[in-house]
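> I'd like to ask some things about the structure below.
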Amino acid sequence: MSARLTTRSGLVAAALLLAPAAGVAHVAPPPVVTLSSQAVPAGRDSGAERAEFRRAHAHGDPLEGLNRGLFSIHQALDRFLFRPAAIAYRTVIPKVIRTGVRHIFSNLGEPVVFVNDVLQLKPKRAAKTFERFAINSILGIGGVLDVAKGEKLPHRNNGFGNTLGRYGIGPGPYLFLPLIGPTDLRDLAGGQADAAVLPVAIGNPFDRIEYQAPHAVLTGLDLRAESDGDLKALLDGAADPYATLRSVFLQSRTAEVGELRHGKGGEANPLDDPLADPEAPAAVAGPKASPSDRNAGAPPLTDTPADPEPASPPPTPG
């Protein structure tokens, strides 16, 4: 069930409503962001005008009709299956066990982060990732304990979707897939590469269903349970939950890939909202998590948003 989620992507990763399926994308849920509200102009309140207004903000989502249908299916599955199972998992399994399992799988993902740090020509990041993996594998009893976090070596999400973005590969169309959640074509492909690292490099047990199935189920249940409150805060107040979720995902992916390409304070502006929900409330907070890619007025088919229009100078006193 789980970023780049990928978002590698991410995602969710990053995935929000459910962790991306094993072998798809390692995307963490997106960071807290604020969505700017945009009201339908006065006198243009009919259903046709609203549809026209929404279409004007759906850049980068050419499959919106299909995506919305899949989103509805996912919501139904989440309401009657995924969320009840996740809440049961959180209720029945003691927190110390859930935390230990989460740390183990996170530690097993560090080699994937390391490989992508190297591919992105980030030697300092790669060294810190290697150090974190070594500390937690040895002193943390195979990753059960996150000892490295206390040594100022927190986990960072990274994946092949980010690597593709680092070298200028655009995100492609936005996608919403049941069991995976919000993603895009780049993160979907990147997630496949991430999932192949351990099975190809090591083989047994990472290439066996006996490992892959528990990994998918446990990480998916854990992420869904941990993000339940944040998801309710994000989506319950949204007039259009699909557009809100899409906007949060694209903003957070823009932030992560923009930092890789331009560094902090570079050209990319993570709060440029290419797909703002036209009916969203004035301030909607997303799930709190690590950053996990996508310009006001232009299709988000690149990770470099347009420069904002400079502010007008203050009037000169008469």
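Residues in the structure tokens are numbered from 1 in each chain, the chains being A, B, ... in the order shown, and ligands are numbered from 1 in the order shown.
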I'd like the contact shell of Asp222 in chain A - 8 Å cut-off, only C-alpha atoms, skipping same-chain residues fewer than 5 positions apart - returned as a PyMOL selection string.

chain A and resi 86+89-90+98+102

> Taking only range 59-238 of chain A into account, list the residues labelled strand (DSSP E or B) by DSSP (computed from the backbone), as a VMD selection string.

chain A and resid 174 to 177 181 to 184

> Could the residues in this selection be saved with N, CA, C and O atoms as a compact mmCIF listing (two decimals), in the first residue's frame?


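Saved result, out.txt, follows:
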# COMPACT_ATOMS: atom_id res chain seq x y z
N TYR A 174 -0.41 14.79 -14.30
CA TYR A 174 -0.79 14.40 -12.95
C TYR A 174 -1.66 13.16 -13.02
O TYR A 174 -2.49 13.00 -13.92
N LEU A 175 -1.49 12.26 -12.05
CA LEU A 175 -2.26 11.03 -12.00
C LEU A 175 -2.76 10.80 -10.58
O LEU A 175 -2.06 11.08 -9.61
N PHE A 176 -3.97 10.27 -10.46
CA PHE A 176 -4.44 9.78 -9.17
C PHE A 176 -4.84 8.33 -9.36
O PHE A 176 -5.74 8.02 -10.15
N LEU A 177 -4.15 7.45 -8.64
CA LEU A 177 -4.37 6.01 -8.81
C LEU A 177 -4.78 5.39 -7.49
O LEU A 177 -4.12 5.60 -6.46
N GLY A 181 -2.42 6.72 -4.79
CA GLY A 181 -2.68 8.09 -4.42
C GLY A 181 -2.21 9.07 -5.47
O GLY A 181 -2.05 8.71 -6.64
N PRO A 182 -1.96 10.34 -5.08
CA PRO A 182 -1.53 11.35 -6.05
C PRO A 182 -0.11 11.10 -6.50
O PRO A 182 0.78 10.82 -5.70
N THR A 183 0.14 11.20 -7.80
CA THR A 183 1.47 11.02 -8.34
C THR A 183 1.52 11.69 -9.71
O THR A 183 0.60 12.41 -10.09
N ASP A 184 2.59 11.48 -10.45
CA ASP A 184 2.67 11.92 -11.83
C ASP A 184 3.47 10.88 -12.60
O ASP A 184 3.98 9.92 -12.01

> So, counting only C-alpha atoms, which residue among A:Ala233, A:Asn158, A:Ala201, A:Gln212 is closest to Arg253 in chain A?

A:Asn158

> For the alpha helix (DSSP H) assignment from backbone DSSP, which residues of range 78-234 of chain A qualify? Please present them as a PyMOL selection string.

chain A and resi 83-92+95-108+110-119+123-138+147-150+160-166+185-201+209-226+228-234

> Tell me, as number ranges by chain, which residues lie within 12 Å of Gly65 in chain A, counting only C-alpha atoms; anything in the same chain fewer than 2 positions away does not count.

A: 55, 58, 61-63, 67-72, 174-176, 242-243

> With only C-alpha atoms as the atoms that count, which of A:Leu188, A:Ile135, A:Ala76, A:Ala193 lies nearest to Gly150 in chain A?

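The shortest atom-to-atom distance to Gly150 in chain A comes from A:Ile135.
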
> List the spatial neighbours of Ser137 in chain A as a PyMOL selection string - criterion: any atom at most 12 Å away, only C-alpha atoms, same-chain residues fewer than 6 positions off excluded.

chain A and resi 103-111+130-131+143-148

> Can I get the selected residues back with C-alpha atoms, as a short mmCIF file (atom, residue, chain, number, x, y, z; two decimals), in the first residue's frame?


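To be explicit, this is the file written out as out12.cif:
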data_model
loop_
_atom_site.label_atom_id
_atom_site.label_comp_id
_atom_site.auth_asym_id
_atom_site.auth_seq_id
_atom_site.Cartn_x
_atom_site.Cartn_y
_atom_site.Cartn_z
CA HIS A 103 12.00 2.43 11.62
CA ILE A 104 13.04 -0.93 10.17
CA PHE A 105 11.42 -0.29 6.80
CA SER A 106 12.69 3.29 6.78
CA ASN A 107 16.22 2.06 7.44
CA LEU A 108 15.94 -0.48 4.63
CA GLY A 109 15.09 2.42 2.32
CA GLU A 110 18.26 4.37 3.14
CA PRO A 111 20.34 2.60 0.41
CA PHE A 130 25.46 6.42 4.61
CA GLU A 131 26.35 7.51 8.15
CA GLY A 143 17.03 0.03 12.40
CA VAL A 144 14.52 -0.75 15.16
CA LEU A 145 15.75 2.36 16.98
CA ASP A 146 16.36 5.67 15.20
CA VAL A 147 19.61 6.44 16.99
CA ALA A 148 20.94 8.60 14.14
#

> Could you tell me which of A:Arg132, A:Thr91, A:Asp78, A:Tyr211 comes closest to Leu198 in chain A if we count only C-alpha atoms?

A:Tyr211

> Just to confirm, what's the straight-line distance from CA of Arg186 in chain A to CA of Gly165 in chain A in Å (one decimal)?

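One can read the CA of Arg186 in chain A to CA of Gly165 in chain A distance as 8.0 Å.
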